[in-house]
Every structure is written in C-alpha cells, then in structure tokens.
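What's in entry.cif: mmCIF, C-alpha atoms
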```
data_input
loop_
_atom_site.group_PDB
_atom_site.id
_atom_site.type_symbol
_atom_site.label_atom_id
_atom_site.label_comp_id
_atom_site.auth_asym_id
_atom_site.auth_seq_id
_atom_site.Cartn_x
_atom_site.Cartn_y
_atom_site.Cartn_z
ATOM 1 C CA MET A 245 -23.940 10.972 25.928
ATOM 2 C CA SER A 246 -20.488 9.982 24.690
ATOM 3 C CA LYS A 247 -19.269 11.883 21.620
ATOM 4 C CA LEU A 248 -17.720 9.786 18.889
ATOM 5 C CA VAL A 249 -15.982 10.629 15.598
ATOM 6 C CA ILE A 250 -15.838 7.692 13.182
ATOM 7 C CA ALA A 251 -13.332 7.407 10.331
ATOM 8 C CA LEU A 252 -14.556 4.883 7.760
ATOM 9 C CA GLY A 253 -12.012 2.919 5.752
ATOM 10 C CA GLY A 254 -12.370 2.002 2.095
ATOM 11 C CA ASN A 255 -13.850 -1.394 2.954
ATOM 12 C CA ALA A 256 -16.863 0.423 4.450
ATOM 13 C CA LEU A 257 -17.663 1.879 1.026
ATOM 14 C CA GLN A 258 -16.654 -0.784 -1.456
ATOM 15 C CA SER A 259 -15.982 -4.503 -1.314
ATOM 16 C CA LYS A 260 -13.428 -6.524 -3.228
ATOM 17 C CA LYS A 261 -16.293 -8.870 -4.054
ATOM 18 C CA SER A 262 -18.517 -6.220 -5.654
ATOM 19 C CA ALA A 263 -18.173 -4.207 -8.851
ATOM 20 C CA PRO A 264 -16.515 -0.760 -8.511
ATOM 21 C CA THR A 265 -19.756 0.961 -9.494
ATOM 22 C CA ALA A 266 -22.115 3.383 -7.773
ATOM 23 C CA GLU A 267 -24.623 0.543 -7.415
ATOM 24 C CA GLY A 268 -21.996 -1.743 -5.911
ATOM 25 C CA GLN A 269 -20.937 0.969 -3.489
ATOM 26 C CA LEU A 270 -24.495 1.578 -2.312
ATOM 27 C CA GLU A 271 -24.967 -2.100 -1.450
ATOM 28 C CA VAL A 272 -21.820 -2.071 0.706
ATOM 29 C CA VAL A 273 -22.793 1.238 2.318
ATOM 30 C CA LYS A 274 -26.162 -0.234 3.311
ATOM 31 C CA GLN A 275 -24.357 -2.907 5.326
ATOM 32 C CA THR A 276 -21.996 -0.315 6.811
ATOM 33 C CA CYS A 277 -24.869 1.861 7.943
ATOM 34 C CA GLU A 278 -26.445 -0.984 9.885
ATOM 35 C CA HIS A 279 -23.379 -0.894 12.149
ATOM 36 C CA ILE A 280 -23.435 2.908 12.400
ATOM 37 C CA ALA A 281 -27.149 2.955 13.224
ATOM 38 C CA GLU A 282 -26.504 0.436 15.985
ATOM 39 C CA LEU A 283 -23.903 2.787 17.472
ATOM 40 C CA SER A 284 -26.465 5.590 17.452
ATOM 41 C CA ALA A 285 -29.045 3.281 19.008
ATOM 42 C CA ASN A 286 -26.567 2.584 21.808
ATOM 43 C CA GLY A 287 -26.605 6.261 22.739
ATOM 44 C CA TYR A 288 -23.517 7.618 20.988
ATOM 45 C CA GLU A 289 -23.550 11.093 19.448
ATOM 46 C CA LEU A 290 -21.482 10.772 16.310
ATOM 47 C CA ALA A 291 -20.082 12.267 13.146
ATOM 48 C CA ILE A 292 -18.785 10.329 10.138
ATOM 49 C CA VAL A 293 -15.633 10.919 8.108
ATOM 50 C CA HIS A 294 -14.957 8.788 5.021
ATOM 51 C CA GLY A 295 -12.213 8.278 2.481
ATOM 52 C CA ASN A 296 -12.585 8.814 -1.275
ATOM 53 C CA GLY A 297 -9.420 7.478 -2.938
ATOM 54 C CA PRO A 298 -10.887 5.134 -5.574
ATOM 55 C CA GLN A 299 -13.962 7.316 -6.123
ATOM 56 C CA VAL A 300 -12.140 10.581 -6.783
ATOM 57 C CA GLY A 301 -9.713 8.714 -9.027
ATOM 58 C CA ARG A 302 -12.577 7.403 -11.165
ATOM 59 C CA ILE A 303 -14.226 10.822 -11.339
ATOM 60 C CA LEU A 304 -10.933 12.326 -12.478
ATOM 61 C CA LEU A 305 -10.373 9.551 -15.027
ATOM 62 C CA ALA A 306 -13.882 10.009 -16.439
ATOM 63 C CA SER A 307 -13.304 13.747 -16.707
ATOM 64 C CA GLU A 308 -9.962 13.317 -18.457
ATOM 65 C CA THR A 309 -11.356 10.659 -20.817
ATOM 66 C CA ALA A 310 -14.138 13.014 -21.912
ATOM 67 C CA LYS A 311 -11.812 16.020 -22.331
ATOM 68 C CA ASP A 312 -12.534 16.247 -26.077
ATOM 69 C CA VAL A 313 -16.262 16.575 -25.359
ATOM 70 C CA VAL A 314 -16.433 18.631 -22.157
ATOM 71 C CA PRO A 315 -13.711 20.575 -20.303
ATOM 72 C CA PRO A 316 -12.053 18.421 -17.606
ATOM 73 C CA MET A 317 -12.819 19.287 -13.992
ATOM 74 C CA PRO A 318 -10.060 20.565 -11.666
ATOM 75 C CA PHE A 319 -8.966 18.092 -9.036
ATOM 76 C CA ASP A 320 -10.493 19.984 -6.105
ATOM 77 C CA VAL A 321 -13.860 19.977 -7.897
ATOM 78 C CA CYS A 322 -13.554 16.205 -8.407
ATOM 79 C CA GLY A 323 -13.006 15.923 -4.647
ATOM 80 C CA ALA A 324 -16.162 17.921 -3.982
ATOM 81 C CA MET A 325 -18.108 15.682 -6.368
ATOM 82 C CA SER A 326 -16.893 12.585 -4.511
ATOM 83 C CA GLN A 327 -17.982 14.093 -1.179
ATOM 84 C CA GLY A 328 -21.434 14.638 -2.628
ATOM 85 C CA TYR A 329 -22.088 11.203 -4.043
ATOM 86 C CA ILE A 330 -20.522 9.216 -1.194
ATOM 87 C CA GLY A 331 -22.377 11.377 1.325
ATOM 88 C CA TYR A 332 -25.617 10.855 -0.595
ATOM 89 C CA HIS A 333 -25.217 7.087 -0.351
ATOM 90 C CA ILE A 334 -24.451 7.201 3.395
ATOM 91 C CA GLN A 335 -27.362 9.584 4.020
ATOM 92 C CA GLN A 336 -29.796 7.387 2.163
ATOM 93 C CA ALA A 337 -28.662 4.119 3.742
ATOM 94 C CA LEU A 338 -28.264 5.478 7.271
ATOM 95 C CA ARG A 339 -31.671 7.132 7.337
ATOM 96 C CA TYR A 340 -33.200 3.771 6.402
ATOM 97 C CA SER A 341 -31.184 1.896 9.041
ATOM 98 C CA LEU A 342 -32.185 4.421 11.716
ATOM 99 C CA ALA A 343 -35.866 4.303 10.666
ATOM 100 C CA ARG A 344 -35.832 0.507 11.038
ATOM 101 C CA ARG A 345 -34.951 1.146 14.678
ATOM 102 C CA ASN A 346 -37.695 3.775 15.050
ATOM 103 C CA MET A 347 -35.065 6.519 15.315
ATOM 104 C CA ASN A 348 -35.948 9.775 13.601
ATOM 105 C CA ILE A 349 -32.487 11.360 13.499
ATOM 106 C CA PRO A 350 -31.576 13.706 10.623
ATOM 107 C CA VAL A 351 -28.512 12.745 8.588
ATOM 108 C CA VAL A 352 -26.738 15.510 6.658
ATOM 109 C CA SER A 353 -23.714 15.510 4.319
ATOM 110 C CA LEU A 354 -21.686 18.695 4.523
ATOM 111 C CA VAL A 355 -19.384 19.647 1.662
ATOM 112 C CA THR A 356 -16.325 20.442 3.751
ATOM 113 C CA GLN A 357 -13.221 22.470 2.940
ATOM 114 C CA MET A 358 -9.927 21.990 4.771
ATOM 115 C CA ILE A 359 -7.261 24.661 5.063
ATOM 116 C CA VAL A 360 -3.771 23.400 4.234
ATOM 117 C CA ASP A 361 -0.447 25.210 4.521
ATOM 118 C CA ALA A 362 1.286 26.229 1.297
ATOM 119 C CA ALA A 363 4.590 25.640 3.104
ATOM 120 C CA ASP A 364 3.708 22.020 3.959
ATOM 121 C CA PRO A 365 6.712 19.916 2.824
ATOM 122 C CA ALA A 366 4.297 17.445 1.198
ATOM 123 C CA PHE A 367 3.909 19.890 -1.700
ATOM 124 C CA GLN A 368 7.611 19.487 -2.470
ATOM 125 C CA ASN A 369 7.290 15.707 -2.606
ATOM 126 C CA PRO A 370 3.939 14.575 -4.081
ATOM 127 C CA THR A 371 3.384 10.889 -3.337
ATOM 128 C CA LYS A 372 -0.358 10.180 -3.591
ATOM 129 C CA PRO A 373 -1.194 8.411 -6.903
ATOM 130 C CA ILE A 374 -4.501 9.329 -8.516
ATOM 131 C CA GLY A 375 -6.265 8.598 -11.775
ATOM 132 C CA GLY A 376 -5.243 6.204 -14.532
ATOM 133 C CA PHE A 377 -2.004 4.729 -15.862
ATOM 134 C CA TYR A 378 0.039 6.224 -18.705
ATOM 135 C CA THR A 379 3.021 5.311 -20.837
ATOM 136 C CA LYS A 380 6.291 7.155 -20.246
ATOM 137 C CA GLU A 381 5.660 9.272 -23.345
ATOM 138 C CA GLU A 382 2.133 10.194 -22.226
ATOM 139 C CA ALA A 383 3.402 10.993 -18.735
ATOM 140 C CA ASP A 384 6.109 13.283 -20.115
ATOM 141 C CA GLN A 385 3.529 15.065 -22.264
ATOM 142 C CA LEU A 386 1.174 15.633 -19.290
ATOM 143 C CA ALA A 387 4.064 16.909 -17.193
ATOM 144 C CA ALA A 388 5.079 19.336 -19.933
ATOM 145 C CA GLU A 389 1.571 20.534 -20.861
ATOM 146 C CA LYS A 390 -0.132 20.643 -17.461
ATOM 147 C CA GLY A 391 2.696 20.662 -14.955
ATOM 148 C CA TYR A 392 1.578 17.363 -13.373
ATOM 149 C CA ALA A 393 3.997 15.442 -11.195
ATOM 150 C CA MET A 394 4.206 11.942 -12.687
ATOM 151 C CA LYS A 395 5.772 8.837 -11.126
ATOM 152 C CA GLU A 396 6.179 5.227 -12.170
ATOM 153 C CA ASP A 397 3.902 2.952 -10.136
ATOM 154 C CA ALA A 398 5.324 -0.506 -9.333
ATOM 155 C CA GLY A 399 5.899 -1.499 -12.951
ATOM 156 C CA ARG A 400 2.272 -0.888 -13.898
ATOM 157 C CA GLY A 401 2.807 2.396 -15.711
ATOM 158 C CA TRP A 402 3.063 6.079 -14.902
ATOM 159 C CA ARG A 403 0.493 7.937 -12.800
ATOM 160 C CA ARG A 404 -0.145 11.452 -11.670
ATOM 161 C CA VAL A 405 0.794 12.033 -8.031
ATOM 162 C CA VAL A 406 -0.373 14.846 -5.777
ATOM 163 C CA ALA A 407 0.657 16.072 -2.350
ATOM 164 C CA SER A 408 -0.891 14.788 0.878
ATOM 165 C CA PRO A 409 -0.568 17.767 3.255
ATOM 166 C CA LEU A 410 -1.662 17.764 6.881
ATOM 167 C CA PRO A 411 -5.024 19.408 7.622
ATOM 168 C CA GLN A 412 -4.813 22.718 9.482
ATOM 169 C CA ARG A 413 -8.354 23.998 9.918
ATOM 170 C CA ILE A 414 -11.870 22.835 9.031
ATOM 171 C CA VAL A 415 -13.585 25.766 7.311
ATOM 172 C CA GLU A 416 -17.107 24.621 8.184
ATOM 173 C CA ILE A 417 -16.351 23.544 11.777
ATOM 174 C CA ASN A 418 -18.848 25.991 13.320
ATOM 175 C CA ASP A 419 -21.594 24.545 11.114
ATOM 176 C CA VAL A 420 -20.676 21.020 12.244
ATOM 177 C CA LYS A 421 -20.885 22.134 15.878
ATOM 178 C CA ARG A 422 -24.282 23.761 15.354
ATOM 179 C CA LEU A 423 -25.632 20.594 13.752
ATOM 180 C CA TRP A 424 -24.007 18.190 16.202
ATOM 181 C CA LYS A 425 -26.544 17.658 18.957
ATOM 182 C CA ASP A 426 -29.566 16.651 16.885
ATOM 183 C CA THR A 427 -27.997 15.499 13.613
ATOM 184 C CA ILE A 428 -25.552 12.885 12.371
ATOM 185 C CA VAL A 429 -23.148 14.864 10.192
ATOM 186 C CA ILE A 430 -21.110 13.319 7.378
ATOM 187 C CA THR A 431 -18.195 15.714 7.070
ATOM 188 C CA CYS A 432 -14.548 16.049 5.980
ATOM 189 C CA GLY A 433 -15.231 13.482 3.238
ATOM 190 C CA GLY A 434 -12.023 12.293 1.606
ATOM 191 C CA GLY A 435 -10.149 14.277 4.228
ATOM 192 C CA GLY A 436 -11.885 17.486 3.142
ATOM 193 C CA ILE A 437 -11.399 19.528 -0.020
ATOM 194 C CA PRO A 438 -7.877 21.014 0.292
ATOM 195 C CA VAL A 439 -7.922 24.804 0.058
ATOM 196 C CA MET A 440 -5.438 27.578 0.749
ATOM 197 C CA GLU A 441 -6.361 30.919 2.239
ATOM 198 C CA ASN A 442 -5.396 33.988 0.218
ATOM 199 C CA PRO A 443 -4.262 37.224 1.902
ATOM 200 C CA ASP A 444 -7.703 38.751 1.243
ATOM 201 C CA GLY A 445 -9.419 35.856 3.056
ATOM 202 C CA THR A 446 -10.720 34.096 -0.061
ATOM 203 C CA LEU A 447 -10.151 30.373 -0.464
ATOM 204 C CA GLN A 448 -8.527 28.624 -3.396
ATOM 205 C CA GLY A 449 -8.725 24.884 -4.100
ATOM 206 C CA VAL A 450 -5.490 22.962 -4.622
ATOM 207 C CA ALA A 451 -4.683 19.596 -6.200
ATOM 208 C CA ALA A 452 -3.978 17.474 -3.138
ATOM 209 C CA VAL A 453 -5.415 14.620 -1.063
ATOM 210 C CA ILE A 454 -5.699 14.897 2.716
ATOM 211 C CA ASP A 455 -5.541 11.663 4.674
ATOM 212 C CA LYS A 456 -9.010 11.011 6.108
ATOM 213 C CA ASP A 457 -7.612 9.680 9.395
ATOM 214 C CA PHE A 458 -5.830 12.973 10.112
ATOM 215 C CA ALA A 459 -8.962 14.871 9.098
ATOM 216 C CA ALA A 460 -11.039 12.757 11.493
ATOM 217 C CA GLU A 461 -8.510 13.421 14.254
ATOM 218 C CA LEU A 462 -8.740 17.173 13.751
ATOM 219 C CA LEU A 463 -12.542 16.971 13.749
ATOM 220 C CA ALA A 464 -12.489 14.906 16.970
ATOM 221 C CA GLU A 465 -10.315 17.551 18.615
ATOM 222 C CA GLN A 466 -12.505 20.441 17.522
ATOM 223 C CA VAL A 467 -15.855 18.928 18.543
ATOM 224 C CA ASP A 468 -14.371 17.748 21.870
ATOM 225 C CA ALA A 469 -15.115 14.098 21.120
ATOM 226 C CA ASP A 470 -14.601 11.498 23.816
ATOM 227 C CA THR A 471 -13.336 8.882 21.368
ATOM 228 C CA LEU A 472 -11.769 8.838 17.926
ATOM 229 C CA MET A 473 -12.691 5.536 16.287
ATOM 230 C CA ILE A 474 -10.826 4.504 13.134
ATOM 231 C CA LEU A 475 -12.589 1.607 11.418
ATOM 232 C CA THR A 476 -10.656 -0.557 8.998
ATOM 233 C CA GLU A 477 -10.467 -4.160 7.748
ATOM 234 C CA VAL A 478 -8.671 -5.653 10.758
ATOM 235 C CA GLU A 479 -9.981 -6.186 14.284
ATOM 236 C CA LYS A 480 -6.746 -5.124 15.990
ATOM 237 C CA VAL A 481 -3.475 -3.413 15.174
ATOM 238 C CA ALA A 482 -0.603 -5.901 14.882
ATOM 239 C CA ILE A 483 3.156 -5.715 15.080
ATOM 240 C CA ASN A 484 5.429 -7.998 13.032
ATOM 241 C CA TRP A 485 2.609 -8.146 10.482
ATOM 242 C CA GLY A 486 2.730 -11.216 8.235
ATOM 243 C CA LYS A 487 5.581 -12.822 10.194
ATOM 244 C CA PRO A 488 5.513 -15.968 12.372
ATOM 245 C CA ASN A 489 5.735 -13.753 15.467
ATOM 246 C CA GLN A 490 2.840 -11.474 14.463
ATOM 247 C CA GLU A 491 1.151 -10.083 17.578
ATOM 248 C CA SER A 492 -2.233 -8.376 17.803
ATOM 249 C CA LEU A 493 -2.374 -5.559 20.337
ATOM 250 C CA ASP A 494 -5.173 -4.828 22.799
ATOM 251 C CA HIS A 495 -3.606 -1.571 23.950
ATOM 252 C CA MET A 496 -0.855 0.854 23.030
ATOM 253 C CA SER A 497 0.372 3.716 25.166
ATOM 254 C CA LEU A 498 1.625 6.805 23.381
ATOM 255 C CA ALA A 499 5.189 5.677 24.097
ATOM 256 C CA ASP A 500 4.518 2.153 22.778
ATOM 257 C CA ALA A 501 2.930 3.483 19.584
ATOM 258 C CA ALA A 502 5.848 5.851 18.948
ATOM 259 C CA LYS A 503 8.305 2.986 19.442
ATOM 260 C CA TYR A 504 6.447 0.699 17.032
ATOM 261 C CA CYS A 505 6.237 3.459 14.421
ATOM 262 C CA GLU A 506 9.977 4.098 14.697
ATOM 263 C CA GLU A 507 10.672 0.380 14.312
ATOM 264 C CA GLY A 508 8.676 0.325 11.064
ATOM 265 C CA HIS A 509 5.871 -2.024 12.115
ATOM 266 C CA PHE A 510 3.134 -0.085 10.290
ATOM 267 C CA ALA A 511 2.888 0.335 6.526
ATOM 268 C CA PRO A 512 2.852 3.905 5.131
ATOM 269 C CA GLY A 513 -0.454 4.708 3.468
ATOM 270 C CA SER A 514 -2.145 1.894 5.392
ATOM 271 C CA MET A 515 -1.873 1.366 9.162
ATOM 272 C CA LEU A 516 0.781 4.033 9.802
ATOM 273 C CA PRO A 517 -1.468 7.110 9.307
ATOM 274 C CA LYS A 518 -4.179 5.469 11.435
ATOM 275 C CA VAL A 519 -1.771 4.977 14.335
ATOM 276 C CA GLN A 520 -0.269 8.447 13.888
ATOM 277 C CA ALA A 521 -3.720 10.076 13.896
ATOM 278 C CA ALA A 522 -4.661 8.116 17.022
ATOM 279 C CA MET A 523 -1.419 9.240 18.674
ATOM 280 C CA LYS A 524 -2.094 12.873 17.858
ATOM 281 C CA PHE A 525 -5.572 12.701 19.365
ATOM 282 C CA VAL A 526 -4.490 11.212 22.696
ATOM 283 C CA ARG A 527 -1.422 13.447 22.856
ATOM 284 C CA THR A 528 -3.671 16.491 22.547
ATOM 285 C CA ASN A 529 -6.353 15.000 24.815
ATOM 286 C CA PRO A 530 -4.500 12.947 27.466
ATOM 287 C CA GLY A 531 -7.653 11.758 29.251
ATOM 288 C CA LYS A 532 -9.304 10.427 26.100
ATOM 289 C CA GLN A 533 -8.815 7.426 23.843
ATOM 290 C CA ALA A 534 -8.589 6.386 20.231
ATOM 291 C CA ILE A 535 -9.680 2.957 19.014
ATOM 292 C CA ILE A 536 -8.650 1.137 15.847
ATOM 293 C CA THR A 537 -10.799 -1.849 14.920
ATOM 294 C CA SER A 538 -12.993 -3.363 12.223
ATOM 295 C CA LEU A 539 -16.431 -2.065 11.308
ATOM 296 C CA ASP A 540 -18.269 -5.162 12.538
ATOM 297 C CA LYS A 541 -16.517 -4.987 15.928
ATOM 298 C CA ALA A 542 -17.165 -1.297 16.604
ATOM 299 C CA ILE A 543 -19.655 -1.775 19.463
ATOM 300 C CA ASP A 544 -17.603 -4.551 21.068
ATOM 301 C CA ALA A 545 -14.527 -2.316 20.900
ATOM 302 C CA LEU A 546 -16.340 0.581 22.585
ATOM 303 C CA GLU A 547 -17.353 -1.852 25.331
ATOM 304 C CA GLY A 548 -13.708 -2.854 25.820
ATOM 305 C CA LYS A 549 -14.106 -6.362 24.403
ATOM 306 C CA THR A 550 -11.802 -6.064 21.362
ATOM 307 C CA GLY A 551 -9.974 -3.595 19.130
ATOM 308 C CA THR A 552 -6.746 -1.738 19.851
ATOM 309 C CA VAL A 553 -7.071 1.130 22.328
ATOM 310 C CA ILE A 554 -4.509 3.927 22.141
ATOM 311 C CA SER A 555 -4.245 6.055 25.271
ATOM 312 C CA PHE A 556 -1.780 8.539 26.719
ATOM 313 C CA ALA A 557 -0.276 6.028 29.154
#
```
structure tokens encoding of this file:
Amino acid sequence: MSKLVIALGGNALQSKKSAPTAEGQLEVVKQTCEHIAELSANGYELAIVHGNGPQVGRILLASETAKDVVPPMPFDVCGAMSQGYIGYHIQQALRYSLARRNMNIPVVSLVTQMIVDAADPAFQNPTKPIGGFYTKEEADQLAAEKGYAMKEDAGRGWRRVVASPLPQRIVEINDVKRLWKDTIVITCGGGGIPVMENPDGTLQGVAAVIDKDFAAELLAEQVDADTLMILTEVEKVAINWGKPNQESLDHMSLADAAKYCEEGHFAPGSMLPKVQAAMKFVRTNPGKQAIITSLDKAIDALEGKTGTVISFA
C-alpha cells in the first residue's frame, strides 16, 4: 500500500459561503471527509494534518473577551483546544464516510506537540497575526502589560503577532507510527502545539504558530511516506498568478521550484510555504514526490491526471 500524508487547507474546514461557526465547520468537514474516505477506499494508508488559523484566533478572542469572568487561556492551550475540536469534527465525519463504504477503519485525533528551536530567527521577527483588532492605544497597553508584539494590519487596526518557527521534532511521532497501519491518524493539527525542551527534558509551551505544510512535510519524512499531498483551493500551482501570462504547472523539478520561488511567483503565507514544504520533502527523499492540488482533485492527481507534481528532477 502507498503511504500518504495529507495537509488540509483552510477551505477543507470552512467555506466562504458558510457561517464561521462550529456547525458551519462540521458541514464543510463532512464534504471534505467524503474525499478522504475515497482515498482510503482506493487503498492508500494515510494520515491527516490540518490548519487552525481562524479557529485558534476565535478561541483566543473568546478567552480574552471573557477575561473579567474567567482567566484567559495561554496561547499554546488555545492551540491544543483547536486541535481537539477540529479533530473531533474530522473523526466524526470521516468515520461516517468510511462506514458508508463498509470500511471499519478507526480514526483517531492525537493532540500533538512539536519541538521548536528557541534560537529560530522567527522569534526575533513575529509575523503571524492572531486574534482580534485593537486601536493603537489598546495595542500599546497590551504590549506594555503582557509583552505582546503588536503590528498594524493593512489599515484595519492593530493585532497581536506571534512567531512562526520551523518544526524540529514531533514529540508523539512514535505513537503515530504505532497507530499507522490500522488507523487513520489526525495529527500535527495547526502545525502542532509549539513547545521548547528544557534542560531537564520537560516541555514548555510557547506562543507561536507552526505552518501546517512544514509540519506535514516533517511527518511525511518521519513515517516514510511515499507522497506528501498538500490540498488547497487551486487545482494546480501557477506562475505569473493573476497576470495575462498566468501559467498552470503540471510538474516542477526541485531546480524549477527554487527558481520560481526566487523570482517571487508565490505569495508568502499562501502558496510559498506549500511549495517550500514540497521542495524540502523531495530534497530529503529524492525518489519520492509531493503533489499540490485541490481537495476534489486528490484522486485524479494521485493517478497523474492533474495537480502539480514536485519531484527531485
């Protein structure tokens, strides 16, 4: 059986057409899980990684809004909460989709911690906006009282920003490997809960957000996956995006991808980390491939009919 690690984009969890509620998310996840169940039915062994940007932001905002009633939760705890409720929705929907196909495969969500490096330069330049918007005066007060890094966000107000360090090690990787063969594991949710390792071996949560595509890449490496599949809103990666000479790509070699990244074809925080994660996977595993495509084209892409394949050469 081919081993597959799937990274789900935000569109797999919530739709622009539905309300940003738990109920709205579950309806979208049900549709997503039909596609994932079909992959399993086609014989793929798989694990699922998902993002959590909007969800963890709402959890944090709710916690901060209620600060006069209950103590606000630390950011790493908010990340763990988002892993739990997104994983719950995927578990519930995927088990139903599998049962409809007469497939009795366990589905488990694993609260997953990710070691990050205290020396990662991302901590010196926080860029990931989270939570709500504030006035300049409110932002200055939060910076003074809580030490938050605050930045103005495109004329919409001031927001808290946190670092986005690269993942170094999945704490629960041995548990994922033990579960792999007979279970679909939902792991590294939101990129994993960022933690640092103390000299005595204990772990300490930090306020940061790990990119889920890089987390999925690390997982794919460590479970010896055959394919890293990054699912997003578009069917293929394109260069010259939004221009008259826009071109969708069927294939990128490592050299091609590096060239396009250097030329600035891919937007930071959007397609760029997807391409960079794909590059890292094939660089580390020269005989394997990464695929970037849309959720509804996942099976076609694995059959070579569409999507953008990134390979070593």
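Of the residues listed (A:Asp470, A:Asp500, A:Glu381, A:Glu547), A:Asp500 shows the shortest atom-to-atom separation from Ile483 (chain A); distances use all atoms listed in the file.
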Legend entry - Distance in Å - CA of Met325 (chain A) versus CA of Met347 (chain A): 29.0 Å
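Separating CA of Phe525 (chain A) from CA of Leu498 (chain A) is a distance of 10.1 Å.
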Inset, instruction - Please determine the residues with any atom at most 8 Å from (-13.8, 9.7, 11.4) (coordinates as given in the file, with only C-alpha atoms counting) and report them as a list in words. - result: Val249, Ile250, Ala251, Leu252, Ala291, Ile292, Val293, His294, Lys456, Asp457, Ala459, Ala460, Glu461, Leu463, Ala464, Leu472, Met473 and Ile474 of chain A
Inset, instruction - Please provide as an NGL selection string all residues within 9 Å of Gln269 (chain A), with the sequence filter that same-chain residues fewer than 3 positions apart are discarded (counting all atoms listed in the file). - result: :A and (256-259 or 262-266 or 272-274 or 330 or 333)
Inset, instruction - Compare A:Val553, A:Arg339, A:Met523, A:Ala451 by their minimum atom-to-atom distance to Tyr392 (chain A), counting only C-alpha atoms, and give me the closest one. - result: A:Ala451
Inset, instruction - Apply the PyMOL selection byres ((chain A and resi 510) around 10) to the file shown and report the selected residues as JSON, numbers by chain. - result: {"A": [481, 482, 483, 484, 485, 501, 504, 505, 506, 507, 508, 509, 511, 512, 513, 514, 515, 516, 517, 518, 519, 520]}
Grab the residues selected above and save them as a PDB file, in the coordinates of the input with C-alpha atoms.
```pdb
ATOM      1  CA  VAL A 481      -3.475  -3.413  15.174  1.00  0.00           C
ATOM      2  CA  ALA A 482      -0.603  -5.901  14.882  1.00  0.00           C
ATOM      3  CA  ILE A 483       3.156  -5.715  15.080  1.00  0.00           C
ATOM      4  CA  ASN A 484       5.429  -7.998  13.032  1.00  0.00           C
ATOM      5  CA  TRP A 485       2.609  -8.146  10.482  1.00  0.00           C
ATOM      6  CA  ALA A 501       2.930   3.483  19.584  1.00  0.00           C
ATOM      7  CA  TYR A 504       6.447   0.699  17.032  1.00  0.00           C
ATOM      8  CA  CYS A 505       6.237   3.459  14.421  1.00  0.00           C
ATOM      9  CA  GLU A 506       9.977   4.098  14.697  1.00  0.00           C
ATOM     10  CA  GLU A 507      10.672   0.380  14.312  1.00  0.00           C
ATOM     11  CA  GLY A 508       8.676   0.325  11.064  1.00  0.00           C
ATOM     12  CA  HIS A 509       5.871  -2.024  12.115  1.00  0.00           C
ATOM     13  CA  ALA A 511       2.888   0.335   6.526  1.00  0.00           C
ATOM     14  CA  PRO A 512       2.852   3.905   5.131  1.00  0.00           C
ATOM     15  CA  GLY A 513      -0.454   4.708   3.468  1.00  0.00           C
ATOM     16  CA  SER A 514      -2.145   1.894   5.392  1.00  0.00           C
ATOM     17  CA  MET A 515      -1.873   1.366   9.162  1.00  0.00           C
ATOM     18  CA  LEU A 516       0.781   4.033   9.802  1.00  0.00           C
ATOM     19  CA  PRO A 517      -1.468   7.110   9.307  1.00  0.00           C
ATOM     20  CA  LYS A 518      -4.179   5.469  11.435  1.00  0.00           C
ATOM     21  CA  VAL A 519      -1.771   4.977  14.335  1.00  0.00           C
ATOM     22  CA  GLN A 520      -0.269   8.447  13.888  1.00  0.00           C
TER      23      GLN A 520
END
```
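Our summary of the geometry notes that CA of Trp402 (chain A) is positioned 21.5 Å from CA of Gly323 (chain A).
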Inset, instruction - Using the chain letters and numbering of this document, enumerate as a PyMOL selection string the residues selected by the PyMOL selection byres ((chain A and resi 395) around 12). - result: chain A and resi 369-374+376-380+382-384+386-387+392-394+396-406
Inset, instruction - Name the residues that the PyMOL selection byres ((chain A and resi 429) around 12) picks from the file above, as a VMD selection string, using the file's chain letters and numbers. - result: chain A and resid 248 to 250 289 to 294 331 to 332 334 to 335 338 to 339 349 to 356 416 to 417 419 to 428 430 to 433 463 467
Inset, instruction - Around the point (-26.4, 1.6, 8.1) in the file's coordinates, collect all residues with an atom within 8 Å, using only C-alpha atoms, and return them as number ranges by chain. - result: A: 273-282, 334, 337-342
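Restricting the calculation to only C-alpha atoms, the smallest distance between Leu447 (chain A) and any of A:Ala285, A:Ala557, A:Val415, A:Val478 is found for A:Val415.
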Legend entry - For Phe458 (chain A), the nearest of the candidates A:Gln412, A:Thr550, A:Asn255, A:Thr446, counting only C-alpha atoms: A:Gln412
Enclose the full set of atoms of region 357-368 of chain A listed in the file within a box whose edges lie along x, y and z, apply 4 Å of padding to each of the six sides, and report centre and edge lengths in Å to one decimal as JSON.
```
{"center_x": -2.8, "center_y": 21.8, "center_z": 1.3, "size_x": 28.8, "size_y": 16.8, "size_z": 15.5}
```
